[in-house]
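Asker: Next comes the structure file my_file-v1.cif, holding mmCIF, N, CA and C atoms.
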data_input
loop_
_atom_site.label_atom_id
_atom_site.label_comp_id
_atom_site.auth_asym_id
_atom_site.auth_seq_id
_atom_site.Cartn_x
_atom_site.Cartn_y
_atom_site.Cartn_z
N MET Q 21 14.45 3.22 7.35
CA MET Q 21 13.89 4.44 7.88
C MET Q 21 12.56 4.12 8.55
N ALA Q 22 12.20 4.90 9.54
CA ALA Q 22 10.97 4.66 10.28
C ALA Q 22 10.27 5.97 10.55
N VAL Q 23 8.98 5.89 10.81
CA VAL Q 23 8.20 7.06 11.19
C VAL Q 23 8.27 7.19 12.71
N LYS Q 24 8.61 8.38 13.17
CA LYS Q 24 8.70 8.62 14.61
C LYS Q 24 7.52 9.46 15.05
N ILE Q 25 6.86 8.98 16.11
CA ILE Q 25 5.72 9.69 16.69
C ILE Q 25 6.11 10.08 18.10
N LYS Q 26 6.09 11.38 18.38
CA LYS Q 26 6.45 11.85 19.72
C LYS Q 26 5.20 11.97 20.57
N THR Q 27 5.27 11.38 21.76
CA THR Q 27 4.18 11.48 22.72
C THR Q 27 4.73 12.07 24.01
N LYS Q 28 3.85 12.33 24.95
CA LYS Q 28 4.32 12.90 26.22
C LYS Q 28 5.16 11.90 27.01
N ASN Q 29 5.01 10.60 26.73
CA ASN Q 29 5.75 9.57 27.44
C ASN Q 29 7.03 9.13 26.74
N GLY Q 30 7.27 9.63 25.54
CA GLY Q 30 8.46 9.24 24.80
C GLY Q 30 8.20 9.21 23.31
N THR Q 31 9.01 8.44 22.61
CA THR Q 31 8.93 8.36 21.15
C THR Q 31 8.53 6.95 20.72
N ILE Q 32 7.66 6.88 19.72
CA ILE Q 32 7.25 5.61 19.13
C ILE Q 32 7.82 5.57 17.72
N GLU Q 33 8.51 4.50 17.39
CA GLU Q 33 9.08 4.33 16.07
C GLU Q 33 8.37 3.20 15.34
N VAL Q 34 7.82 3.49 14.17
CA VAL Q 34 7.12 2.49 13.37
C VAL Q 34 7.94 2.27 12.09
N SER Q 35 8.41 1.05 11.89
CA SER Q 35 9.26 0.78 10.72
C SER Q 35 8.44 0.79 9.44
N ASN Q 36 9.14 1.00 8.33
CA ASN Q 36 8.48 1.03 7.03
C ASN Q 36 7.88 -0.32 6.66
N ASP Q 37 8.46 -1.42 7.14
CA ASP Q 37 7.89 -2.74 6.87
C ASP Q 37 6.52 -2.91 7.52
N VAL Q 38 6.36 -2.36 8.72
CA VAL Q 38 5.06 -2.41 9.39
C VAL Q 38 4.05 -1.58 8.62
N ILE Q 39 4.44 -0.39 8.20
CA ILE Q 39 3.55 0.48 7.42
C ILE Q 39 3.18 -0.22 6.11
N ALA Q 40 4.16 -0.85 5.46
CA ALA Q 40 3.90 -1.54 4.19
C ALA Q 40 2.92 -2.70 4.38
N THR Q 41 3.02 -3.41 5.49
CA THR Q 41 2.10 -4.51 5.76
C THR Q 41 0.68 -3.99 5.98
N VAL Q 42 0.55 -2.91 6.73
CA VAL Q 42 -0.78 -2.32 6.96
C VAL Q 42 -1.37 -1.82 5.65
N VAL Q 43 -0.56 -1.14 4.84
CA VAL Q 43 -1.01 -0.60 3.55
C VAL Q 43 -1.38 -1.75 2.61
N GLY Q 44 -0.54 -2.77 2.53
CA GLY Q 44 -0.81 -3.90 1.65
C GLY Q 44 -2.06 -4.66 2.03
N SER Q 45 -2.27 -4.85 3.33
CA SER Q 45 -3.48 -5.53 3.79
C SER Q 45 -4.72 -4.71 3.48
N ALA Q 46 -4.62 -3.39 3.69
CA ALA Q 46 -5.77 -2.53 3.39
C ALA Q 46 -6.08 -2.53 1.91
N ALA Q 47 -5.06 -2.52 1.08
CA ALA Q 47 -5.27 -2.49 -0.37
C ALA Q 47 -5.89 -3.78 -0.87
N THR Q 48 -5.39 -4.92 -0.38
CA THR Q 48 -5.88 -6.20 -0.89
C THR Q 48 -7.24 -6.60 -0.32
N ASP Q 49 -7.72 -5.89 0.70
CA ASP Q 49 -9.04 -6.16 1.26
C ASP Q 49 -10.17 -5.64 0.38
N ASN Q 50 -9.86 -4.83 -0.61
CA ASN Q 50 -10.87 -4.23 -1.47
C ASN Q 50 -11.28 -5.18 -2.59
N TYR Q 51 -12.58 -5.19 -2.89
CA TYR Q 51 -13.07 -6.00 -4.00
C TYR Q 51 -12.45 -5.49 -5.30
N GLY Q 52 -12.00 -6.40 -6.13
CA GLY Q 52 -11.43 -6.04 -7.42
C GLY Q 52 -9.91 -6.02 -7.40
N VAL Q 53 -9.31 -5.95 -6.21
CA VAL Q 53 -7.85 -5.99 -6.12
C VAL Q 53 -7.44 -7.46 -6.01
N VAL Q 54 -6.69 -7.93 -7.01
CA VAL Q 54 -6.25 -9.31 -7.02
C VAL Q 54 -5.05 -9.48 -6.09
N GLY Q 55 -4.20 -8.46 -6.03
CA GLY Q 55 -3.05 -8.53 -5.14
C GLY Q 55 -2.12 -7.35 -5.34
N MET Q 56 -1.00 -7.41 -4.63
CA MET Q 56 0.02 -6.37 -4.73
C MET Q 56 1.02 -6.75 -5.81
N ALA Q 57 1.60 -5.74 -6.46
CA ALA Q 57 2.62 -5.97 -7.48
C ALA Q 57 3.91 -5.28 -7.06
N SER Q 58 5.01 -5.74 -7.58
CA SER Q 58 6.30 -5.13 -7.29
C SER Q 58 6.40 -3.79 -8.01
N LYS Q 59 6.98 -2.80 -7.34
CA LYS Q 59 7.12 -1.49 -7.96
C LYS Q 59 8.17 -1.50 -9.07
N ASN Q 60 9.13 -2.41 -8.98
CA ASN Q 60 10.18 -2.56 -9.98
C ASN Q 60 10.16 -3.99 -10.52
N GLN Q 61 9.18 -4.28 -11.34
CA GLN Q 61 9.01 -5.66 -11.80
C GLN Q 61 10.19 -6.16 -12.60
N ILE Q 62 10.83 -5.31 -13.38
CA ILE Q 62 11.96 -5.74 -14.19
C ILE Q 62 13.17 -6.01 -13.31
N ARG Q 63 13.48 -5.07 -12.40
CA ARG Q 63 14.65 -5.25 -11.54
C ARG Q 63 14.48 -6.41 -10.58
N ASP Q 64 13.28 -6.54 -9.99
CA ASP Q 64 13.02 -7.63 -9.05
C ASP Q 64 12.78 -8.96 -9.76
N ASN Q 65 12.62 -8.90 -11.09
CA ASN Q 65 12.34 -10.10 -11.87
C ASN Q 65 11.10 -10.81 -11.35
N ILE Q 66 10.13 -10.00 -10.95
CA ILE Q 66 8.89 -10.56 -10.42
C ILE Q 66 7.73 -10.04 -11.27
N ASN Q 67 7.06 -10.93 -11.94
CA ASN Q 67 5.88 -10.56 -12.70
C ASN Q 67 4.70 -11.34 -12.15
N GLU Q 68 4.60 -11.33 -10.84
CA GLU Q 68 3.56 -12.10 -10.18
C GLU Q 68 3.00 -11.29 -9.01
N ILE Q 69 1.99 -11.83 -8.42
CA ILE Q 69 1.36 -11.18 -7.28
C ILE Q 69 2.17 -11.46 -6.02
N LEU Q 70 2.42 -10.41 -5.25
CA LEU Q 70 3.23 -10.55 -4.04
C LEU Q 70 2.43 -11.17 -2.91
N LYS Q 71 3.10 -11.95 -2.11
CA LYS Q 71 2.48 -12.53 -0.91
C LYS Q 71 2.64 -11.56 0.24
N ARG Q 72 1.94 -11.81 1.32
CA ARG Q 72 1.91 -10.91 2.47
C ARG Q 72 3.31 -10.52 2.97
N GLU Q 73 4.24 -11.46 2.97
CA GLU Q 73 5.57 -11.15 3.51
C GLU Q 73 6.39 -10.26 2.58
N ASN Q 74 5.94 -10.05 1.34
CA ASN Q 74 6.65 -9.21 0.38
C ASN Q 74 5.93 -7.91 0.05
N TYR Q 75 4.95 -7.52 0.85
CA TYR Q 75 4.20 -6.30 0.56
C TYR Q 75 5.11 -5.08 0.47
N ALA Q 76 6.23 -5.06 1.16
CA ALA Q 76 7.14 -3.92 1.14
C ALA Q 76 7.67 -3.64 -0.27
N ARG Q 77 7.71 -4.66 -1.12
CA ARG Q 77 8.15 -4.45 -2.50
C ARG Q 77 7.11 -3.71 -3.33
N GLY Q 78 5.87 -3.69 -2.88
CA GLY Q 78 4.81 -3.04 -3.63
C GLY Q 78 4.32 -1.75 -3.01
N VAL Q 79 5.03 -1.26 -2.00
CA VAL Q 79 4.64 -0.03 -1.31
C VAL Q 79 5.86 0.86 -1.17
N VAL Q 80 5.70 2.14 -1.50
CA VAL Q 80 6.77 3.12 -1.30
C VAL Q 80 6.26 4.14 -0.29
N ILE Q 81 7.06 4.37 0.75
CA ILE Q 81 6.70 5.31 1.81
C ILE Q 81 7.68 6.47 1.78
N LYS Q 82 7.14 7.68 1.61
CA LYS Q 82 7.97 8.88 1.60
C LYS Q 82 7.62 9.72 2.82
N GLN Q 83 8.64 10.03 3.61
CA GLN Q 83 8.44 10.83 4.81
C GLN Q 83 8.22 12.29 4.42
N GLU Q 84 7.24 12.92 5.05
CA GLU Q 84 6.99 14.34 4.86
C GLU Q 84 6.91 15.00 6.22
N ASP Q 85 6.90 16.32 6.25
CA ASP Q 85 6.93 17.06 7.51
C ASP Q 85 5.79 16.67 8.45
N ASN Q 86 4.58 16.63 7.94
CA ASN Q 86 3.43 16.38 8.80
C ASN Q 86 2.68 15.09 8.45
N GLY Q 87 3.41 14.09 7.98
CA GLY Q 87 2.79 12.81 7.65
C GLY Q 87 3.63 12.04 6.65
N VAL Q 88 2.98 11.19 5.88
CA VAL Q 88 3.69 10.39 4.88
C VAL Q 88 2.93 10.43 3.55
N ALA Q 89 3.66 10.16 2.49
CA ALA Q 89 3.06 9.97 1.17
C ALA Q 89 3.28 8.51 0.81
N ILE Q 90 2.23 7.85 0.37
CA ILE Q 90 2.26 6.42 0.11
C ILE Q 90 2.02 6.16 -1.38
N ASP Q 91 2.84 5.31 -1.97
CA ASP Q 91 2.62 4.81 -3.32
C ASP Q 91 2.30 3.33 -3.20
N VAL Q 92 1.17 2.90 -3.79
CA VAL Q 92 0.72 1.51 -3.72
C VAL Q 92 0.64 0.96 -5.13
N TYR Q 93 1.26 -0.20 -5.34
CA TYR Q 93 1.27 -0.85 -6.64
C TYR Q 93 0.41 -2.11 -6.56
N ILE Q 94 -0.66 -2.14 -7.38
CA ILE Q 94 -1.64 -3.23 -7.28
C ILE Q 94 -1.89 -3.88 -8.65
N VAL Q 95 -2.52 -5.06 -8.59
CA VAL Q 95 -3.03 -5.75 -9.76
C VAL Q 95 -4.54 -5.87 -9.55
N VAL Q 96 -5.31 -5.48 -10.56
CA VAL Q 96 -6.77 -5.50 -10.44
C VAL Q 96 -7.36 -6.63 -11.28
N GLY Q 97 -8.60 -6.94 -10.99
CA GLY Q 97 -9.30 -7.98 -11.73
C GLY Q 97 -9.88 -7.46 -13.03
N TYR Q 98 -9.85 -8.30 -14.04
CA TYR Q 98 -10.41 -7.94 -15.34
C TYR Q 98 -11.92 -7.74 -15.23
N GLY Q 99 -12.42 -6.70 -15.86
CA GLY Q 99 -13.85 -6.43 -15.87
C GLY Q 99 -14.32 -5.55 -14.72
N THR Q 100 -13.43 -5.10 -13.89
CA THR Q 100 -13.80 -4.22 -12.78
C THR Q 100 -13.48 -2.77 -13.16
N LYS Q 101 -14.12 -1.85 -12.49
CA LYS Q 101 -13.91 -0.42 -12.77
C LYS Q 101 -12.66 0.05 -12.00
N ILE Q 102 -11.59 0.26 -12.73
CA ILE Q 102 -10.29 0.56 -12.13
C ILE Q 102 -10.31 1.85 -11.33
N SER Q 103 -10.99 2.87 -11.83
CA SER Q 103 -11.01 4.15 -11.10
C SER Q 103 -11.72 4.01 -9.75
N GLU Q 104 -12.77 3.24 -9.71
CA GLU Q 104 -13.51 3.03 -8.45
C GLU Q 104 -12.69 2.21 -7.46
N ILE Q 105 -12.04 1.18 -7.96
CA ILE Q 105 -11.17 0.37 -7.10
C ILE Q 105 -10.06 1.22 -6.52
N SER Q 106 -9.45 2.06 -7.34
CA SER Q 106 -8.35 2.90 -6.88
C SER Q 106 -8.80 3.88 -5.80
N LYS Q 107 -9.98 4.46 -5.96
CA LYS Q 107 -10.52 5.36 -4.94
C LYS Q 107 -10.76 4.62 -3.62
N ASN Q 108 -11.30 3.41 -3.73
CA ASN Q 108 -11.54 2.61 -2.53
C ASN Q 108 -10.23 2.25 -1.82
N VAL Q 109 -9.20 1.92 -2.60
CA VAL Q 109 -7.89 1.62 -2.02
C VAL Q 109 -7.35 2.85 -1.30
N GLN Q 110 -7.45 4.01 -1.92
CA GLN Q 110 -6.95 5.24 -1.31
C GLN Q 110 -7.62 5.49 0.03
N SER Q 111 -8.94 5.41 0.07
CA SER Q 111 -9.65 5.73 1.32
C SER Q 111 -9.39 4.69 2.40
N LYS Q 112 -9.33 3.40 2.03
CA LYS Q 112 -9.10 2.37 3.04
C LYS Q 112 -7.68 2.43 3.59
N VAL Q 113 -6.69 2.70 2.74
CA VAL Q 113 -5.31 2.83 3.20
C VAL Q 113 -5.19 4.00 4.16
N LYS Q 114 -5.77 5.13 3.78
CA LYS Q 114 -5.73 6.32 4.65
C LYS Q 114 -6.37 6.04 6.00
N TYR Q 115 -7.54 5.41 5.98
CA TYR Q 115 -8.26 5.10 7.21
C TYR Q 115 -7.45 4.15 8.10
N ASN Q 116 -6.92 3.07 7.52
CA ASN Q 116 -6.18 2.09 8.32
C ASN Q 116 -4.91 2.68 8.91
N LEU Q 117 -4.21 3.52 8.16
CA LEU Q 117 -3.01 4.15 8.70
C LEU Q 117 -3.34 5.02 9.91
N GLU Q 118 -4.43 5.78 9.80
CA GLU Q 118 -4.80 6.68 10.90
C GLU Q 118 -5.35 5.91 12.09
N SER Q 119 -6.16 4.88 11.85
CA SER Q 119 -6.78 4.17 12.97
C SER Q 119 -5.83 3.18 13.64
N MET Q 120 -4.99 2.49 12.87
CA MET Q 120 -4.11 1.48 13.45
C MET Q 120 -2.80 2.05 13.97
N LEU Q 121 -2.21 2.98 13.22
CA LEU Q 121 -0.87 3.45 13.55
C LEU Q 121 -0.82 4.91 14.02
N GLY Q 122 -1.89 5.66 13.83
CA GLY Q 122 -1.88 7.07 14.20
C GLY Q 122 -1.04 7.91 13.27
N ILE Q 123 -0.85 7.46 12.04
CA ILE Q 123 -0.05 8.18 11.05
C ILE Q 123 -1.00 8.77 10.01
N SER Q 124 -0.84 10.06 9.72
CA SER Q 124 -1.70 10.66 8.71
C SER Q 124 -1.02 10.57 7.35
N ALA Q 125 -1.76 10.11 6.38
CA ALA Q 125 -1.25 10.01 5.01
C ALA Q 125 -1.66 11.26 4.26
N ASN Q 126 -0.68 12.03 3.83
CA ASN Q 126 -0.97 13.24 3.06
C ASN Q 126 -1.48 12.89 1.68
N SER Q 127 -0.93 11.83 1.09
CA SER Q 127 -1.39 11.37 -0.21
C SER Q 127 -1.21 9.87 -0.32
N VAL Q 128 -2.13 9.24 -1.04
CA VAL Q 128 -2.04 7.81 -1.35
C VAL Q 128 -2.17 7.70 -2.86
N ASN Q 129 -1.07 7.38 -3.51
CA ASN Q 129 -1.04 7.24 -4.96
C ASN Q 129 -1.13 5.77 -5.32
N VAL Q 130 -2.09 5.44 -6.18
CA VAL Q 130 -2.32 4.05 -6.57
C VAL Q 130 -1.83 3.86 -8.02
N PHE Q 131 -0.97 2.86 -8.21
CA PHE Q 131 -0.45 2.53 -9.53
C PHE Q 131 -0.92 1.13 -9.87
N VAL Q 132 -1.69 1.02 -10.94
CA VAL Q 132 -2.19 -0.29 -11.39
C VAL Q 132 -1.13 -0.88 -12.31
N GLN Q 133 -0.50 -1.97 -11.86
CA GLN Q 133 0.60 -2.58 -12.58
C GLN Q 133 0.14 -3.69 -13.53
N GLY Q 134 -1.11 -4.12 -13.38
CA GLY Q 134 -1.57 -5.18 -14.25
C GLY Q 134 -3.04 -5.49 -14.04
N VAL Q 135 -3.57 -6.27 -14.97
CA VAL Q 135 -4.96 -6.72 -14.89
C VAL Q 135 -4.93 -8.24 -15.05
N LYS Q 136 -5.66 -8.91 -14.17
CA LYS Q 136 -5.67 -10.38 -14.19
C LYS Q 136 -7.12 -10.86 -14.19
N ALA Q 137 -7.38 -11.95 -14.88
CA ALA Q 137 -8.72 -12.52 -14.92
C ALA Q 137 -9.09 -13.05 -13.55
N LEU Q 138 -10.30 -12.69 -13.09
CA LEU Q 138 -10.79 -13.18 -11.81
C LEU Q 138 -11.32 -14.59 -11.98
N SER Q 139 -11.01 -15.46 -11.04
CA SER Q 139 -11.54 -16.83 -11.09
C SER Q 139 -12.96 -16.83 -10.51
N ASP Q 140 -13.80 -17.67 -11.04
CA ASP Q 140 -15.20 -17.71 -10.60
C ASP Q 140 -15.36 -18.35 -9.28
#
Take the structure in this file and express it as structure tokens.

Answerer:
Amino acid sequence: MAVKIKTKNGTIEVSNDVIATVVGSAATDNYGVVGMASKNQIRDNINEILKRENYARGVVIKQEDNGVAIDVYIVVGYGTKISEISKNVQSKVKYNLESMLGISANSVNVFVQGVKALSD
């Protein structure tokens, strides 16, 4: 499935993989985020941090009438304030979606799937 944007010159289609890459990059750019996690760790048999090419496994995109709802699954660093990191992820994801793709995010839900020790 893809997000369709209608313009006066035609239609622009943005695939969910592109949206997931933008969301994953925005989420992992925040201090305290160690990486992306799989939304279905048991089914995917993945209990590790996802690499850039697998960000789609850690992002769920739900189409809505006037935008999208995004679920982001992350792993945070031990000793960081999880609520603050989550707020930063929400705002950066929303900003990047609007500035890069022209898609408005109605909601950005952050799910912390794990905590990992930060290396010095």

Asker: Quick one: of Q:Gln133, Q:Thr31, Q:Ser119, Q:Asn126, who's nearest to Lys82 in chain Q, counting only C-alpha atoms?

Answerer: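 Looking only at the distances to Lys82 in chain Q, the closest residue turns out to be Q:Asn126.
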
Asker: Between atom N of Ile32 in chain Q and atom C of Ala47 in chain Q, what is the spacing in Å?

Answerer: 26.9 Å

Asker: Figure out the distance between atom C of Val38 in chain Q and atom N of Met56 in chain Q, please, to one decimal in Å.

Answerer: 15.3 Å

Asker: Evaluate the PyMOL selection byres (((chain Q and resi 34 and name CA) around 12) and name CA) against this structure - the residues, as a ChimeraX atom specification, please.

Answerer: /Q:21-26,31-33,35-42,81,117,120-123

Asker: Tell me which residues the PyMOL selection byres ((chain Q and resi 59) around 5) grabs here, as an mmCIF file with N, CA and C atoms, keeping the file's coordinate frame.

Answerer:
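Final file, selection.cif:
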data_model
loop_
_atom_site.group_PDB
_atom_site.id
_atom_site.type_symbol
_atom_site.label_atom_id
_atom_site.label_comp_id
_atom_site.auth_asym_id
_atom_site.auth_seq_id
_atom_site.Cartn_x
_atom_site.Cartn_y
_atom_site.Cartn_z
ATOM 1 N N ALA Q 57 1.600 -5.740 -6.460
ATOM 2 C CA ALA Q 57 2.620 -5.970 -7.480
ATOM 3 C C ALA Q 57 3.910 -5.280 -7.060
ATOM 4 N N SER Q 58 5.010 -5.740 -7.580
ATOM 5 C CA SER Q 58 6.300 -5.130 -7.290
ATOM 6 C C SER Q 58 6.400 -3.790 -8.010
ATOM 7 N N ASN Q 60 9.130 -2.410 -8.980
ATOM 8 C CA ASN Q 60 10.180 -2.560 -9.980
ATOM 9 C C ASN Q 60 10.160 -3.990 -10.520
ATOM 10 N N GLN Q 61 9.180 -4.280 -11.340
ATOM 11 C CA GLN Q 61 9.010 -5.660 -11.800
ATOM 12 C C GLN Q 61 10.190 -6.160 -12.600
ATOM 13 N N ARG Q 77 7.710 -4.660 -1.120
ATOM 14 C CA ARG Q 77 8.150 -4.450 -2.500
ATOM 15 C C ARG Q 77 7.110 -3.710 -3.330
ATOM 16 N N GLY Q 78 5.870 -3.690 -2.880
ATOM 17 C CA GLY Q 78 4.810 -3.040 -3.630
ATOM 18 C C GLY Q 78 4.320 -1.750 -3.010
#

Asker: My list of candidates is Q:Val43, Q:Phe131, Q:Lys136, Q:Thr48. Which is closest to Gly99 in chain Q when distances are computed with only N, CA and C atoms?

Answerer: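 With only N, CA and C atoms as the atom set, the closest residue is Q:Lys136.
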
Asker: Would you pick out the contacts of Val95 in chain Q at 6 Å or less, using only C-alpha atoms, so that residues sharing its chain but fewer than 5 positions from it are not included, and give the list as a PyMOL selection string?

Answerer: chain Q and resi 54-56+132-135

Asker: Can you list every residue in chain Q that DSSP puts in strand (DSSP E), as a ChimeraX atom specification?

Answerer: /Q:22-27,30-35,53-56,79-84,87-97,125-136

Asker: How many Å lie between atom N of Gly97 in chain Q and CA of Glu118 in chain Q, rounded to one decimal?

Answerer: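 According to the coordinates, atom N of Gly97 in chain Q and CA of Glu118 in chain Q are separated by 26.1 Å.
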
Asker: Give the answer as one residue: which of Q:Val130, Q:Ala76, Q:Ser111, Q:Val53 has the shortest atom-to-atom distance to Ile90 in chain Q, using all atoms listed in the file?

Answerer: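 Of the candidates, the smallest distance to Ile90 in chain Q is held by Q:Val130.
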
Asker: For the helix (DSSP H, G or I) assignment from backbone DSSP, which residues of chain Q qualify? Please present them as a count of residues only.

Answerer: 44

Asker: Nearest residue to Ser124 in chain Q out of Q:Val96, Q:Lys107, Q:Gly87, Q:Lys112, using only N, CA and C atoms?

Answerer: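 Going through Q:Val96, Q:Lys107, Q:Gly87, Q:Lys112 one by one, the smallest distance to Ser124 in chain Q is for Q:Gly87.
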
Asker: Measuring atom to atom with all atoms listed in the file, identify which of Q:Lys114, Q:Ile102, Q:Ala137, Q:Ser127 is nearest to Ala46 in chain Q.

Answerer: Q:Lys114

Asker: Return the padded bounding box of range 123-135 of chain Q as lines of an AutoDock Vina configuration file: axis-aligned, built from all atoms listed in the file, 6 Å added on each side, with centre and edge lengths in Å to one decimal.

Answerer:
center_x = -2.2
center_y = 2.5
center_z = -1.5
size_x = 17.6
size_y = 33.5
size_z = 39.1

Asker: N, CA, C and O atoms for range 44-59 of chain Q, written as a PDB file, keeping the file's coordinate frame, could you do that?

Answerer:
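In the end it all went to result-v3.pdb:
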ATOM      1  N   GLY Q  44      -0.540  -2.770   2.530  1.00  0.00           N
ATOM      2  CA  GLY Q  44      -0.810  -3.900   1.650  1.00  0.00           C
ATOM      3  C   GLY Q  44      -2.060  -4.660   2.030  1.00  0.00           C
ATOM      4  O   GLY Q  44      -2.859  -5.049   1.178  1.00  0.00           O
ATOM      5  N   SER Q  45      -2.270  -4.850   3.330  1.00  0.00           N
ATOM      6  CA  SER Q  45      -3.480  -5.530   3.790  1.00  0.00           C
ATOM      7  C   SER Q  45      -4.720  -4.710   3.480  1.00  0.00           C
ATOM      8  O   SER Q  45      -5.752  -5.247   3.065  1.00  0.00           O
ATOM      9  N   ALA Q  46      -4.620  -3.390   3.690  1.00  0.00           N
ATOM     10  CA  ALA Q  46      -5.770  -2.530   3.390  1.00  0.00           C
ATOM     11  C   ALA Q  46      -6.080  -2.530   1.910  1.00  0.00           C
ATOM     12  O   ALA Q  46      -7.252  -2.555   1.513  1.00  0.00           O
ATOM     13  N   ALA Q  47      -5.060  -2.520   1.080  1.00  0.00           N
ATOM     14  CA  ALA Q  47      -5.270  -2.490  -0.370  1.00  0.00           C
ATOM     15  C   ALA Q  47      -5.890  -3.780  -0.870  1.00  0.00           C
ATOM     16  O   ALA Q  47      -6.835  -3.773  -1.663  1.00  0.00           O
ATOM     17  N   THR Q  48      -5.390  -4.920  -0.380  1.00  0.00           N
ATOM     18  CA  THR Q  48      -5.880  -6.200  -0.890  1.00  0.00           C
ATOM     19  C   THR Q  48      -7.240  -6.600  -0.320  1.00  0.00           C
ATOM     20  O   THR Q  48      -7.856  -7.530  -0.823  1.00  0.00           O
ATOM     21  N   ASP Q  49      -7.720  -5.890   0.700  1.00  0.00           N
ATOM     22  CA  ASP Q  49      -9.040  -6.160   1.260  1.00  0.00           C
ATOM     23  C   ASP Q  49     -10.170  -5.640   0.380  1.00  0.00           C
ATOM     24  O   ASP Q  49     -11.327  -5.964   0.602  1.00  0.00           O
ATOM     25  N   ASN Q  50      -9.860  -4.830  -0.610  1.00  0.00           N
ATOM     26  CA  ASN Q  50     -10.870  -4.230  -1.470  1.00  0.00           C
ATOM     27  C   ASN Q  50     -11.280  -5.180  -2.590  1.00  0.00           C
ATOM     28  O   ASN Q  50     -10.428  -5.864  -3.168  1.00  0.00           O
ATOM     29  N   TYR Q  51     -12.580  -5.190  -2.890  1.00  0.00           N
ATOM     30  CA  TYR Q  51     -13.070  -6.000  -4.000  1.00  0.00           C
ATOM     31  C   TYR Q  51     -12.450  -5.490  -5.300  1.00  0.00           C
ATOM     32  O   TYR Q  51     -12.385  -4.291  -5.534  1.00  0.00           O
ATOM     33  N   GLY Q  52     -12.000  -6.400  -6.130  1.00  0.00           N
ATOM     34  CA  GLY Q  52     -11.430  -6.040  -7.420  1.00  0.00           C
ATOM     35  C   GLY Q  52      -9.910  -6.020  -7.400  1.00  0.00           C
ATOM     36  O   GLY Q  52      -9.287  -6.044  -8.456  1.00  0.00           O
ATOM     37  N   VAL Q  53      -9.310  -5.950  -6.210  1.00  0.00           N
ATOM     38  CA  VAL Q  53      -7.850  -5.990  -6.120  1.00  0.00           C
ATOM     39  C   VAL Q  53      -7.440  -7.460  -6.010  1.00  0.00           C
ATOM     40  O   VAL Q  53      -7.805  -8.151  -5.071  1.00  0.00           O
ATOM     41  N   VAL Q  54      -6.690  -7.930  -7.010  1.00  0.00           N
ATOM     42  CA  VAL Q  54      -6.250  -9.310  -7.020  1.00  0.00           C
ATOM     43  C   VAL Q  54      -5.050  -9.480  -6.090  1.00  0.00           C
ATOM     44  O   VAL Q  54      -4.907 -10.498  -5.436  1.00  0.00           O
ATOM     45  N   GLY Q  55      -4.200  -8.460  -6.030  1.00  0.00           N
ATOM     46  CA  GLY Q  55      -3.050  -8.530  -5.140  1.00  0.00           C
ATOM     47  C   GLY Q  55      -2.120  -7.350  -5.340  1.00  0.00           C
ATOM     48  O   GLY Q  55      -2.400  -6.440  -6.100  1.00  0.00           O
ATOM     49  N   MET Q  56      -1.000  -7.410  -4.630  1.00  0.00           N
ATOM     50  CA  MET Q  56       0.020  -6.370  -4.730  1.00  0.00           C
ATOM     51  C   MET Q  56       1.020  -6.750  -5.810  1.00  0.00           C
ATOM     52  O   MET Q  56       1.277  -7.929  -6.049  1.00  0.00           O
ATOM     53  N   ALA Q  57       1.600  -5.740  -6.460  1.00  0.00           N
ATOM     54  CA  ALA Q  57       2.620  -5.970  -7.480  1.00  0.00           C
ATOM     55  C   ALA Q  57       3.910  -5.280  -7.060  1.00  0.00           C
ATOM     56  O   ALA Q  57       3.895  -4.343  -6.261  1.00  0.00           O
ATOM     57  N   SER Q  58       5.010  -5.740  -7.580  1.00  0.00           N
ATOM     58  CA  SER Q  58       6.300  -5.130  -7.290  1.00  0.00           C
ATOM     59  C   SER Q  58       6.400  -3.790  -8.010  1.00  0.00           C
ATOM     60  O   SER Q  58       5.973  -3.656  -9.157  1.00  0.00           O
ATOM     61  N   LYS Q  59       6.980  -2.800  -7.340  1.00  0.00           N
ATOM     62  CA  LYS Q  59       7.120  -1.490  -7.960  1.00  0.00           C
ATOM     63  C   LYS Q  59       8.170  -1.500  -9.070  1.00  0.00           C
ATOM     64  O   LYS Q  59       8.135  -0.703  -9.976  1.00  0.00           O
TER      65      LYS Q  59
END
